[in-house]
file start_22.csv (CSV, C-alpha atoms)
chain,number,residue,atom,x,y,z
A,1,MET,CA,-51.6,-23.0,-16.0
A,2,MET,CA,-52.6,-26.2,-14.2
A,3,LYS,CA,-54.4,-26.5,-10.9
A,4,ASP,CA,-52.7,-28.6,-8.2
A,5,SER,CA,-54.3,-31.5,-6.3
A,6,ARG,CA,-56.2,-29.1,-4.1
A,7,GLY,CA,-57.6,-27.2,-7.0
A,8,THR,CA,-55.5,-24.1,-6.4
A,9,TYR,CA,-52.6,-22.4,-8.2
A,10,SER,CA,-49.3,-22.3,-6.2
A,11,VAL,CA,-46.2,-20.3,-6.8
A,12,ARG,CA,-44.1,-23.3,-5.9
A,13,LYS,CA,-45.6,-25.4,-8.7
A,14,HIS,CA,-45.8,-22.7,-11.3
A,15,GLY,CA,-42.8,-20.6,-10.3
A,16,ALA,CA,-40.8,-21.8,-13.3
A,17,LEU,CA,-42.8,-19.6,-15.7
A,18,PRO,CA,-41.9,-16.2,-14.3
A,19,LEU,CA,-38.4,-17.4,-13.7
A,20,PHE,CA,-38.2,-18.4,-17.3
A,21,CYS,CA,-39.6,-15.1,-18.5
A,22,ALA,CA,-37.1,-13.3,-16.3
A,23,ALA,CA,-34.2,-15.4,-17.5
A,24,LEU,CA,-35.1,-14.5,-21.1
A,25,LEU,CA,-34.6,-10.8,-20.3
A,26,LEU,CA,-31.2,-11.2,-18.6
A,27,ALA,CA,-29.3,-9.3,-21.2
A,28,ASN,CA,-25.6,-9.8,-21.5
A,29,GLN,CA,-23.3,-6.8,-22.1
A,30,ALA,CA,-22.6,-6.2,-25.8
A,31,ASP,CA,-18.9,-6.7,-26.1
A,32,ALA,CA,-18.8,-6.5,-29.8
A,33,HIS,CA,-16.5,-3.5,-30.1
A,34,ILE,CA,-14.2,-4.1,-27.2
A,35,VAL,CA,-10.7,-5.1,-28.2
A,36,ALA,CA,-9.3,-8.0,-26.2
A,37,GLY,CA,-6.8,-7.0,-23.6
A,38,GLU,CA,-8.0,-3.4,-23.4
A,39,ALA,CA,-8.6,-1.8,-20.1
A,40,VAL,CA,-12.3,-1.6,-20.3
A,41,GLY,CA,-13.3,-1.0,-16.7
A,42,PHE,CA,-13.6,-2.2,-13.2
A,43,ILE,CA,-13.9,-6.0,-14.0
A,44,SER,CA,-11.0,-6.1,-16.4
A,45,GLY,CA,-8.9,-4.2,-13.8
A,46,MET,CA,-9.8,-6.9,-11.2
A,47,GLU,CA,-8.8,-9.6,-13.6
A,48,HIS,CA,-5.3,-8.2,-14.1
A,49,PRO,CA,-3.7,-9.1,-10.7
A,50,VAL,CA,-5.2,-12.5,-10.7
A,51,GLY,CA,-4.0,-13.3,-14.2
A,52,GLY,CA,-0.6,-14.7,-13.1
A,53,VAL,CA,0.0,-17.5,-10.5
A,54,ASP,CA,3.4,-15.9,-9.7
A,55,HIS,CA,1.7,-12.7,-8.6
A,56,ILE,CA,-1.1,-14.5,-6.7
A,57,ILE,CA,1.2,-16.7,-4.6
A,58,ALA,CA,3.3,-13.7,-3.6
A,59,MET,CA,0.4,-11.5,-2.6
A,60,VAL,CA,-1.3,-14.3,-0.6
A,61,ALA,CA,2.0,-15.0,1.0
A,62,VAL,CA,2.2,-11.3,2.2
A,63,GLY,CA,-1.1,-11.8,3.9
A,64,LEU,CA,-0.1,-15.1,5.4
A,65,TRP,CA,3.1,-13.8,6.8
A,66,GLY,CA,1.4,-10.7,8.2
A,67,ALA,CA,-1.1,-12.9,10.0
A,68,GLN,CA,1.7,-15.0,11.4
A,69,LEU,CA,3.6,-11.9,12.6
A,70,GLY,CA,0.5,-10.4,14.2
A,71,ALA,CA,0.0,-6.6,14.9
A,72,PRO,CA,1.3,-4.3,13.6
A,73,ALA,CA,2.7,-6.3,10.7
A,74,VAL,CA,-0.7,-7.8,9.9
A,75,TRP,CA,-1.9,-4.3,8.6
A,76,LEU,CA,1.5,-2.8,7.9
A,77,LEU,CA,2.5,-5.3,5.2
A,78,PRO,CA,-0.8,-5.1,3.3
A,79,ILE,CA,-0.5,-1.3,3.3
A,80,THR,CA,3.2,-1.3,2.2
A,81,PHE,CA,2.8,-3.8,-0.6
A,82,PRO,CA,0.1,-2.1,-2.7
A,83,LEU,CA,1.6,1.4,-2.1
A,84,VAL,CA,5.1,0.3,-3.3
A,85,MET,CA,3.4,-1.7,-6.0
A,86,ALA,CA,1.5,1.3,-7.3
A,87,PHE,CA,4.7,3.4,-7.1
A,88,ALA,CA,6.5,0.8,-9.2
A,89,GLY,CA,3.5,0.6,-11.5
A,90,PHE,CA,3.8,4.4,-12.0
A,91,LEU,CA,7.5,3.9,-12.8
A,92,GLY,CA,6.6,1.2,-15.4
A,93,LEU,CA,3.9,3.4,-16.9
A,94,VAL,CA,6.2,6.4,-17.4
A,95,GLY,CA,8.9,4.2,-18.9
A,96,VAL,CA,11.6,4.0,-16.2
A,97,ALA,CA,13.8,0.9,-16.8
A,98,LEU,CA,14.1,-1.7,-14.1
A,99,PRO,CA,16.1,-4.9,-14.8
A,100,GLY,CA,15.5,-8.4,-13.6
A,101,ILE,CA,11.8,-8.1,-13.1
A,102,GLU,CA,10.8,-11.8,-13.7
A,103,ILE,CA,13.6,-13.1,-11.5
A,104,GLY,CA,12.6,-10.6,-8.8
A,105,ILE,CA,9.0,-11.8,-9.0
A,106,ALA,CA,10.0,-15.4,-8.7
A,107,LEU,CA,12.4,-14.7,-5.8
A,108,SER,CA,9.5,-13.0,-4.0
A,109,GLY,CA,7.7,-16.3,-4.0
A,110,VAL,CA,10.8,-18.1,-2.8
A,111,CYS,CA,11.6,-15.6,0.0
A,112,LEU,CA,8.1,-15.0,1.2
A,113,GLY,CA,7.3,-18.7,1.0
A,114,ALA,CA,10.4,-19.4,3.1
A,115,CYS,CA,9.4,-16.7,5.6
A,116,VAL,CA,6.0,-18.3,6.0
A,117,LEU,CA,7.5,-21.8,6.2
A,118,ALA,CA,10.0,-20.9,8.8
A,119,GLU,CA,7.7,-18.5,10.6
A,120,LEU,CA,10.5,-15.9,10.6
A,121,ARG,CA,9.8,-13.0,13.0
A,122,PRO,CA,12.0,-10.1,12.1
A,123,PRO,CA,11.2,-6.5,13.3
A,124,SER,CA,8.2,-5.0,11.5
A,125,TRP,CA,10.2,-2.5,9.6
A,126,ILE,CA,12.5,-5.2,8.2
A,127,ALA,CA,9.4,-7.2,7.1
A,128,ALA,CA,7.9,-4.1,5.6
A,129,LEU,CA,11.1,-3.3,3.8
A,130,LEU,CA,11.4,-6.9,2.4
A,131,VAL,CA,7.7,-6.9,1.3
A,132,GLY,CA,8.1,-3.4,-0.2
A,133,ALA,CA,11.2,-4.5,-2.2
A,134,PHE,CA,9.3,-7.4,-3.7
A,135,GLY,CA,6.3,-5.2,-4.3
A,136,LEU,CA,8.5,-3.1,-6.5
A,137,PHE,CA,9.0,-5.9,-9.0
A,138,HIS,CA,5.3,-6.9,-9.0
A,139,GLY,CA,4.2,-3.4,-9.5
A,140,TYR,CA,6.6,-2.6,-12.2
A,141,ALA,CA,5.6,-5.7,-14.2
A,142,HIS,CA,1.9,-4.7,-13.8
A,143,GLY,CA,2.7,-1.1,-14.8
A,144,VAL,CA,4.5,-2.1,-18.0
A,145,GLU,CA,1.7,-4.5,-18.9
A,146,LEU,CA,-1.2,-2.1,-18.2
A,147,PRO,CA,-3.0,-1.7,-21.5
A,148,PRO,CA,-4.5,1.5,-22.9
A,149,GLY,CA,-8.2,1.8,-22.4
A,150,GLU,CA,-11.2,4.0,-22.0
A,151,ASN,CA,-11.5,4.3,-18.2
A,152,ALA,CA,-8.3,4.4,-16.3
A,153,LEU,CA,-10.0,5.2,-13.0
A,154,LEU,CA,-12.4,2.2,-13.0
A,155,TYR,CA,-9.6,-0.1,-14.2
A,156,SER,CA,-7.2,1.1,-11.5
A,157,MET,CA,-10.0,0.7,-8.9
A,158,GLY,CA,-10.5,-2.9,-9.9
A,159,PHE,CA,-6.7,-3.5,-10.0
A,160,VAL,CA,-6.1,-2.1,-6.5
A,161,LEU,CA,-9.1,-3.8,-5.0
A,162,ALA,CA,-8.1,-7.2,-6.4
A,163,THR,CA,-4.6,-6.8,-5.0
A,164,GLY,CA,-6.0,-5.9,-1.6
A,165,LEU,CA,-8.4,-8.8,-1.7
A,166,LEU,CA,-5.6,-11.2,-2.4
A,167,HIS,CA,-3.8,-9.9,0.7
A,168,ALA,CA,-7.0,-10.2,2.6
A,169,THR,CA,-7.3,-13.8,1.5
A,170,GLY,CA,-3.9,-14.5,2.9
A,171,ILE,CA,-4.8,-12.7,6.2
A,172,ALA,CA,-8.1,-14.6,6.5
A,173,LEU,CA,-6.2,-17.9,5.9
A,174,GLY,CA,-3.7,-16.7,8.5
A,175,PHE,CA,-6.3,-16.8,11.2
A,176,LEU,CA,-5.7,-20.5,11.3
A,177,HIS,CA,-2.5,-19.6,13.1
A,178,ARG,CA,-4.3,-19.6,16.5
A,179,TRP,CA,-4.6,-23.5,16.4
A,180,GLY,CA,-1.7,-25.9,16.4
A,181,TRP,CA,-2.9,-27.8,13.3
A,182,GLY,CA,-3.5,-24.4,11.6
A,183,ARG,CA,0.1,-23.3,12.2
A,184,SER,CA,1.3,-26.6,10.5
A,185,ALA,CA,-1.2,-25.9,7.6
A,186,LEU,CA,0.2,-22.4,7.2
A,187,ARG,CA,3.7,-23.6,7.2
A,188,GLY,CA,2.6,-26.2,4.6
A,189,ALA,CA,1.2,-23.3,2.5
A,190,GLY,CA,4.5,-21.6,2.8
A,191,ALA,CA,6.3,-24.7,1.5
A,192,VAL,CA,3.9,-24.7,-1.5
A,193,ILE,CA,4.6,-21.0,-2.2
A,194,LEU,CA,8.3,-21.7,-1.9
A,195,CYS,CA,8.1,-24.5,-4.4
A,196,GLY,CA,6.0,-22.3,-6.7
A,197,GLY,CA,8.6,-19.5,-6.4
A,198,LEU,CA,11.4,-22.0,-7.3
A,199,TYR,CA,9.5,-23.2,-10.3
A,200,PHE,CA,9.0,-19.6,-11.6
A,201,ALA,CA,12.7,-18.8,-10.8
A,202,TRP,CA,13.7,-21.8,-12.8
A,203,ALA,CA,11.4,-20.7,-15.7
A,204,ALA,CA,12.8,-17.1,-15.5
A,205,ILE,CA,16.4,-18.2,-15.6
A,206,VAL,CA,16.0,-20.9,-18.3
B,207,MET,CA,-51.9,-17.4,1.0
B,208,THR,CA,-52.5,-19.4,-2.1
B,209,PRO,CA,-52.0,-17.3,-5.2
B,210,THR,CA,-54.7,-17.4,-7.9
B,211,ARG,CA,-54.1,-17.1,-11.7
B,212,PRO,CA,-54.1,-13.3,-11.7
B,213,HIS,CA,-51.5,-13.3,-8.9
B,214,LEU,CA,-49.2,-15.4,-11.0
B,215,ALA,CA,-49.5,-13.2,-14.0
B,216,VAL,CA,-48.7,-10.1,-12.0
B,217,TYR,CA,-45.8,-11.9,-10.4
B,218,ALA,CA,-44.5,-12.8,-13.9
B,219,LEU,CA,-44.9,-9.3,-15.2
B,220,VAL,CA,-43.2,-7.6,-12.2
B,221,SER,CA,-40.3,-10.1,-12.4
B,222,THR,CA,-39.8,-9.4,-16.0
B,223,ALA,CA,-40.2,-5.7,-15.7
B,224,LEU,CA,-37.6,-5.5,-12.9
B,225,LEU,CA,-35.1,-7.2,-15.1
B,226,ALA,CA,-35.7,-5.2,-18.2
B,227,PRO,CA,-32.4,-3.4,-18.7
B,228,GLY,CA,-32.3,0.3,-19.3
B,229,LEU,CA,-29.7,2.4,-21.1
B,230,ALA,CA,-26.9,3.6,-19.0
B,231,GLU,CA,-26.8,7.3,-19.5
B,232,ALA,CA,-24.7,8.1,-16.5
B,233,HIS,CA,-22.6,10.8,-18.0
B,234,LEU,CA,-25.1,12.2,-20.3
B,235,VAL,CA,-26.7,13.7,-17.2
B,236,ALA,CA,-30.2,13.2,-18.5
B,237,THR,CA,-32.4,11.6,-15.9
B,238,GLY,CA,-35.5,13.3,-17.2
B,239,MET,CA,-36.3,14.4,-13.6
B,240,GLY,CA,-34.8,17.9,-13.8
B,241,PRO,CA,-31.3,19.3,-13.5
B,242,ILE,CA,-30.9,18.9,-9.7
B,243,CYS,CA,-31.5,15.1,-10.1
B,244,ASP,CA,-29.1,15.1,-13.0
B,245,GLY,CA,-26.5,16.6,-10.7
B,246,VAL,CA,-27.2,14.0,-8.0
B,247,VAL,CA,-27.0,11.2,-10.4
B,248,HIS,CA,-23.8,12.6,-12.0
B,249,PHE,CA,-22.1,12.6,-8.6
B,250,SER,CA,-23.4,9.2,-7.7
B,251,VAL,CA,-22.0,7.5,-10.8
B,252,SER,CA,-18.7,9.3,-11.0
B,253,PRO,CA,-16.1,7.6,-8.8
B,254,GLU,CA,-13.7,10.5,-9.5
B,255,ASP,CA,-16.2,12.7,-7.6
B,256,PHE,CA,-17.5,10.5,-4.8
B,257,LEU,CA,-14.3,8.7,-3.9
B,258,PRO,CA,-12.3,11.8,-2.8
B,259,VAL,CA,-15.4,13.0,-0.9
B,260,VAL,CA,-15.7,9.7,1.0
B,261,ILE,CA,-12.0,9.6,1.8
B,262,LEU,CA,-11.9,13.2,2.9
B,263,GLY,CA,-15.0,12.6,5.1
B,264,LEU,CA,-13.2,9.6,6.7
B,265,PHE,CA,-10.0,11.6,7.2
B,266,ALA,CA,-11.8,14.7,8.6
B,267,GLY,CA,-13.9,12.5,10.9
B,268,LEU,CA,-10.7,11.0,12.4
B,269,ARG,CA,-9.6,14.6,13.2
B,270,GLY,CA,-12.6,15.3,15.5
B,271,PRO,CA,-16.0,17.1,15.1
B,272,ARG,CA,-14.6,20.6,14.8
B,273,GLN,CA,-12.3,19.8,11.8
B,274,ALA,CA,-15.0,17.6,10.3
B,275,ARG,CA,-17.5,20.4,10.3
B,276,LEU,CA,-15.0,22.9,8.9
B,277,ALA,CA,-14.0,20.4,6.1
B,278,LEU,CA,-17.6,19.8,5.3
B,279,PHE,CA,-18.4,23.4,4.5
B,280,VAL,CA,-15.0,24.3,3.0
B,281,LEU,CA,-15.3,21.3,0.6
B,282,THR,CA,-18.8,22.1,-0.5
B,283,GLY,CA,-18.1,25.8,-0.8
B,284,ALA,CA,-14.9,25.2,-2.9
B,285,TRP,CA,-16.8,22.7,-5.1
B,286,LEU,CA,-19.5,25.4,-5.7
B,287,ALA,CA,-16.9,28.0,-6.4
B,288,GLY,CA,-15.0,25.7,-8.8
B,289,GLY,CA,-18.2,24.9,-10.7
B,290,LEU,CA,-19.2,28.5,-11.0
B,291,VAL,CA,-15.8,29.4,-12.3
B,292,ALA,CA,-16.0,26.6,-14.9
B,293,LEU,CA,-19.5,27.8,-15.9
B,294,GLY,CA,-17.9,31.2,-16.4
B,295,GLY,CA,-15.6,29.7,-19.0
B,296,PHE,CA,-12.4,29.9,-16.9
B,297,ALA,CA,-11.7,26.2,-16.5
B,298,PRO,CA,-8.1,25.0,-17.2
B,299,PRO,CA,-7.5,22.2,-19.7
B,300,THR,CA,-9.0,18.8,-18.7
B,301,LEU,CA,-5.6,17.2,-18.7
B,302,VAL,CA,-4.5,19.6,-16.0
B,303,LEU,CA,-7.6,18.8,-14.0
B,304,ALA,CA,-7.0,15.0,-14.5
B,305,VAL,CA,-3.5,15.3,-13.2
B,306,GLY,CA,-4.8,17.4,-10.3
B,307,THR,CA,-7.4,14.7,-9.5
B,308,ALA,CA,-4.7,12.0,-9.5
B,309,VAL,CA,-2.4,14.0,-7.2
B,310,LEU,CA,-5.3,14.7,-4.8
B,311,PHE,CA,-6.2,11.0,-4.8
B,312,PHE,CA,-2.6,10.2,-3.7
B,313,LEU,CA,-2.5,13.1,-1.2
B,314,LEU,CA,-5.8,12.3,0.4
B,315,GLY,CA,-5.2,8.5,0.5
B,316,GLY,CA,-1.7,9.0,1.9
B,317,LEU,CA,-3.0,11.3,4.6
B,318,LEU,CA,-5.7,8.9,5.6
B,319,ALA,CA,-3.2,5.9,5.6
B,320,TRP,CA,-0.6,7.9,7.6
B,321,ASN,CA,-3.3,9.5,9.9
B,322,PRO,CA,-0.9,12.2,11.3
B,323,SER,CA,-1.9,14.6,14.1
B,324,SER,CA,-2.1,17.6,11.9
B,325,PRO,CA,-3.3,21.2,12.4
B,326,PRO,CA,-6.7,22.2,11.0
B,327,TRP,CA,-5.3,24.0,8.0
B,328,VAL,CA,-4.1,20.7,6.5
B,329,VAL,CA,-7.5,19.1,6.2
B,330,LEU,CA,-9.0,22.5,5.2
B,331,SER,CA,-6.4,23.0,2.4
B,332,VAL,CA,-7.0,19.5,1.1
B,333,ALA,CA,-10.8,20.0,1.2
B,334,ALA,CA,-10.5,23.3,-0.7
B,335,GLY,CA,-8.2,21.6,-3.3
B,336,VAL,CA,-10.5,18.7,-3.8
B,337,GLY,CA,-13.6,21.0,-4.1
B,338,LEU,CA,-12.0,23.4,-6.5
B,339,VAL,CA,-10.5,20.7,-8.8
B,340,ARG,CA,-13.5,18.5,-9.0
B,341,GLY,CA,-15.9,21.4,-9.3
B,342,LEU,CA,-13.9,22.8,-12.2
B,343,ASP,CA,-13.7,19.4,-13.8
B,344,ASP,CA,-17.4,18.6,-13.4
B,345,LEU,CA,-18.6,21.8,-15.2
B,346,ALA,CA,-15.7,22.4,-17.6
B,347,GLY,CA,-17.1,23.0,-21.0
B,348,ALA,CA,-20.7,23.1,-19.9
B,349,PRO,CA,-22.9,25.8,-21.4
B,350,THR,CA,-23.7,28.6,-18.9
B,351,SER,CA,-27.4,28.3,-18.1
B,352,LEU,CA,-29.7,28.2,-15.2
B,353,ALA,CA,-30.0,24.4,-15.6
B,354,ASP,CA,-26.3,24.0,-15.3
B,355,VAL,CA,-26.3,26.0,-12.1
B,356,ALA,CA,-29.0,23.7,-10.8
B,357,ILE,CA,-26.9,20.7,-11.8
B,358,LEU,CA,-24.1,22.1,-9.8
B,359,GLY,CA,-26.5,22.6,-6.9
B,360,GLY,CA,-27.5,18.9,-7.1
B,361,ILE,CA,-23.8,17.9,-7.0
B,362,CYS,CA,-23.0,20.2,-4.1
B,363,GLY,CA,-25.9,18.8,-2.1
B,364,CYS,CA,-24.6,15.3,-2.6
B,365,VAL,CA,-21.1,16.4,-1.7
B,366,LEU,CA,-22.4,17.9,1.6
B,367,ALA,CA,-24.5,14.8,2.4
B,368,VAL,CA,-21.9,12.2,1.6
B,369,CYS,CA,-19.1,14.0,3.3
B,370,ALA,CA,-21.2,14.4,6.5
B,371,LEU,CA,-22.2,10.8,6.4
B,372,THR,CA,-18.7,9.4,6.0
B,373,ALA,CA,-17.3,11.7,8.6
B,374,SER,CA,-20.0,10.5,11.0
B,375,VAL,CA,-18.7,6.9,10.4
B,376,THR,CA,-15.2,7.7,11.7
B,377,LEU,CA,-16.0,10.3,14.3
B,378,PRO,CA,-17.0,7.8,17.0
B,379,LEU,CA,-14.3,5.2,16.1
B,380,LYS,CA,-12.2,4.2,19.1
B,381,ARG,CA,-11.2,0.6,18.3
B,382,LEU,CA,-7.8,0.3,16.8
B,383,GLY,CA,-8.9,-2.5,14.4
B,384,LEU,CA,-11.6,-0.3,12.8
B,385,ILE,CA,-9.3,2.7,12.5
B,386,VAL,CA,-6.7,0.5,10.9
B,387,ALA,CA,-9.3,-0.8,8.4
B,388,VAL,CA,-10.1,2.8,7.4
B,389,ARG,CA,-6.4,3.6,7.0
B,390,VAL,CA,-5.9,0.5,4.8
B,391,GLY,CA,-8.6,2.0,2.6
B,392,GLY,CA,-6.6,5.2,2.5
B,393,SER,CA,-3.5,3.3,1.3
B,394,TRP,CA,-5.6,1.8,-1.5
B,395,MET,CA,-6.7,5.3,-2.5
B,396,ALA,CA,-3.1,6.5,-2.6
B,397,ALA,CA,-2.2,3.6,-4.7
B,398,LEU,CA,-5.0,4.4,-7.0
B,399,GLY,CA,-3.7,8.0,-7.4
B,400,LEU,CA,-0.2,6.8,-8.3
B,401,LEU,CA,-1.6,4.4,-10.9
B,402,LEU,CA,-3.8,7.1,-12.3
B,403,ALA,CA,-1.0,9.6,-12.6
B,404,GLY,CA,1.2,7.1,-14.4
B,405,TRP,CA,-1.6,6.2,-16.7
B,406,ILE,CA,-2.4,9.9,-17.6
B,407,ILE,CA,1.3,10.6,-18.3
B,408,ARG,CA,1.4,7.6,-20.6
B,409,TYR,CA,-1.9,7.6,-22.3
B,410,GLY,CA,-3.4,11.0,-21.6
B,411,ASN,CA,-6.6,11.8,-19.8
B,412,ARG,CA,-8.6,8.6,-19.2
B,413,ILE,CA,-10.5,9.4,-16.1
B,414,HIS,CA,-14.0,9.8,-17.7
call {"tool": "encode", "arguments": {"input": "start_22.csv", "output": "structure tokens"}}
result
Amino acid sequence: MMKDSRGTYSVRKHGALPLFCAALLLANQADAHIVAGEAVGFISGMEHPVGGVDHIIAMVAVGLWGAQLGAPAVWLLPITFPLVMAFAGFLGLVGVALPGIEIGIALSGVCLGACVLAELRPPSWIAALLVGAFGLFHGYAHGVELPPGENALLYSMGFVLATGLLHATGIALGFLHRWGWGRSALRGAGAVILCGGLYFAWAAIV
Amino acid sequence: MTPTRPHLAVYALVSTALLAPGLAEAHLVATGMGPICDGVVHFSVSPEDFLPVVILGLFAGLRGPRQARLALFVLTGAWLAGGLVALGGFAPPTLVLAVGTAVLFFLLGGLLAWNPSSPPWVVLSVAAGVGLVRGLDDLAGAPTSLADVAILGGICGCVLAVCALTASVTLPLKRLGLIVAVRVGGSWMAALGLLLAGWIIRYGNRIH
């Protein structure tokens, strides 16, 4: 240890030493025996819904549209989507067949993007019905892809939380709707989501 | 205050000691501080235990103080009864309990999301169901001893405290926005139950 110019020892000057010691002890999790793609726990569950851009844009679009529509759609849509999605995930897990999943997912981006772009204002129950129908495709795809693992509960918690947070992101962005420039920005985001949906629809068909 | 050399050494030692990782023995229920603490820790690190208690507390709180009080004692009593039955060796297979847990997750979450004006027997029935199923599951296969009864006591103490605390969160809620936020949480819980049920059907019991 060195004294500073005043002949004293300061944490500011020598703070690097304890930090270095502490950093040495920051142990990483030993992942040696975890098989890639397994449902290990909470974090791997959170990673699943954000693993595909087609899913992300649809889920954010639900939040954006809900924010544009205001109450009660702002909370009705983010409740409907995860519930229907989980139901479809259940169907996928137990092996019920549902055709046209990829096209349905891509169309969800197209339709929801168009709704945000045009600021469509249907009655809440129609909006919930539309969002629920698309949630069916997303949930089924997730359910079919859910890998086996050691802790279904922690994985499902991460999965549901990540889905909800994606909606919350859309809703938070949707607060821009109170300003004129914000409304334009949201409609721009709707256009981007629409284009993304078209791209995925093209990829699903071709 | 300007630290001197010993201060820095202590600072370094404390920093490193705080970061020294310990073994996660959550489900071994061995805190070394006695069976009651083991029960408390078991409850605290088991989402299959504390999540339904939290959701039930929130739901009961929205129903008013009378139903919240009733739910609190019915839940704890049923948990104790379930645990004692399991200690007596009468627990059903764990797969049945896992399915029961998934169904209760869905039911509880659905009720909170829907938030209907229901008679008291609804919340009391759900409380009794949650308590029995989770109590049975917690102590299923455990050897019958005084220590295990004490573990059950620790768990039930936690159930009582957590349910009371969460009910007290929603009891005074009047603003629609906050109630909606709680109900959104309920819908997530219901979604969790559905996923869990599908998972158990496909892959077997994977709750623990």
call {"tool": "atom_distance", "arguments": {"input": "start_22.csv", "atom1": "CA of Leu382 in chain B", "atom2": "CA of Leu117 in chain A"}}
result
28.9 Å
call {"tool": "atom_distance", "arguments": {"input": "start_22.csv", "atom1": "CA of Leu286 in chain B", "atom2": "CA of Ile361 in chain B"}}
result
8.7 Å
call {"tool": "residues_near_point", "arguments": {"input": "start_22.csv", "point": "(-5.6, 4.5, -7.0)", "cutoff": "10 Å", "atoms": "only C-alpha atoms", "output": "list in words"}}
result
Pro82, Leu83, Ala86, Ala152, Leu153, Leu154, Tyr155, Ser156, Met157, Gly158, Phe159, Val160 and Leu161 of chain A; Ala308, Phe311, Phe312, Gly315, Gly392, Ser393, Trp394, Met395, Ala396, Ala397, Leu398, Gly399, Leu400, Leu401, Leu402 and Ala403 of chain B
call {"tool": "closest_residue", "arguments": {"input": "start_22.csv", "among": "A:Ala97, A:Ala106, A:Ala114, A:Leu186", "to": "His138 in chain A", "atoms": "all atoms listed in the file"}}
result
A:Ala106
call {"tool": "closest_residue", "arguments": {"input": "start_22.csv", "among": "A:Leu91, A:Leu69, A:Ile57, A:Leu165", "to": "chain B", "atoms": "all atoms listed in the file"}}
result
A:Leu91
call {"tool": "residues_around", "arguments": {"input": "start_22.csv", "residues": "Glu254 in chain B", "least_positions_apart": "3", "cutoff": "9 Å", "atoms": "only C-alpha atoms", "output": "PDB file with C-alpha atoms, in the coordinates of the input"}}
result
ATOM      1  CA  LEU A 153     -10.000   5.200 -13.000  1.00  0.00           C
TER       2      LEU A 153
ATOM      3  CA  PHE B 249     -22.100  12.600  -8.600  1.00  0.00           C
ATOM      4  CA  VAL B 251     -22.000   7.500 -10.800  1.00  0.00           C
ATOM      5  CA  LEU B 257     -14.300   8.700  -3.900  1.00  0.00           C
ATOM      6  CA  PRO B 258     -12.300  11.800  -2.800  1.00  0.00           C
ATOM      7  CA  THR B 307      -7.400  14.700  -9.500  1.00  0.00           C
ATOM      8  CA  PHE B 311      -6.200  11.000  -4.800  1.00  0.00           C
ATOM      9  CA  ARG B 340     -13.500  18.500  -9.000  1.00  0.00           C
ATOM     10  CA  ILE B 413     -10.500   9.400 -16.100  1.00  0.00           C
ATOM     11  CA  HIS B 414     -14.000   9.800 -17.700  1.00  0.00           C
TER      12      HIS B 414
END
call {"tool": "closest_residue", "arguments": {"input": "start_22.csv", "among": "A:Arg187, A:His55, A:His142, A:Arg121", "to": "chain B", "atoms": "only C-alpha atoms"}}
result
A:His142
call {"tool": "closest_residue", "arguments": {"input": "start_22.csv", "among": "A:Pro122, A:Gly51, A:Gly70, A:Gly143", "to": "chain B", "atoms": "only C-alpha atoms"}}
result
A:Gly143
call {"tool": "atom_distance", "arguments": {"input": "start_22.csv", "atom1": "CA of Gly41 in chain A", "atom2": "CA of Asn151 in chain A"}}
result
5.8 Å
call {"tool": "residues_near_point", "arguments": {"input": "start_22.csv", "point": "(-18.0, 22.1, -19.9)", "cutoff": "12 Å", "atoms": "all atoms listed in the file", "output": "number ranges by chain"}}
result
B: 289-300, 341-351, 354, 358
call {"tool": "closest_residue", "arguments": {"input": "start_22.csv", "among": "A:Ile193, A:Leu173, A:Leu76, A:Leu166", "to": "chain B", "atoms": "all atoms listed in the file"}}
result
A:Leu76
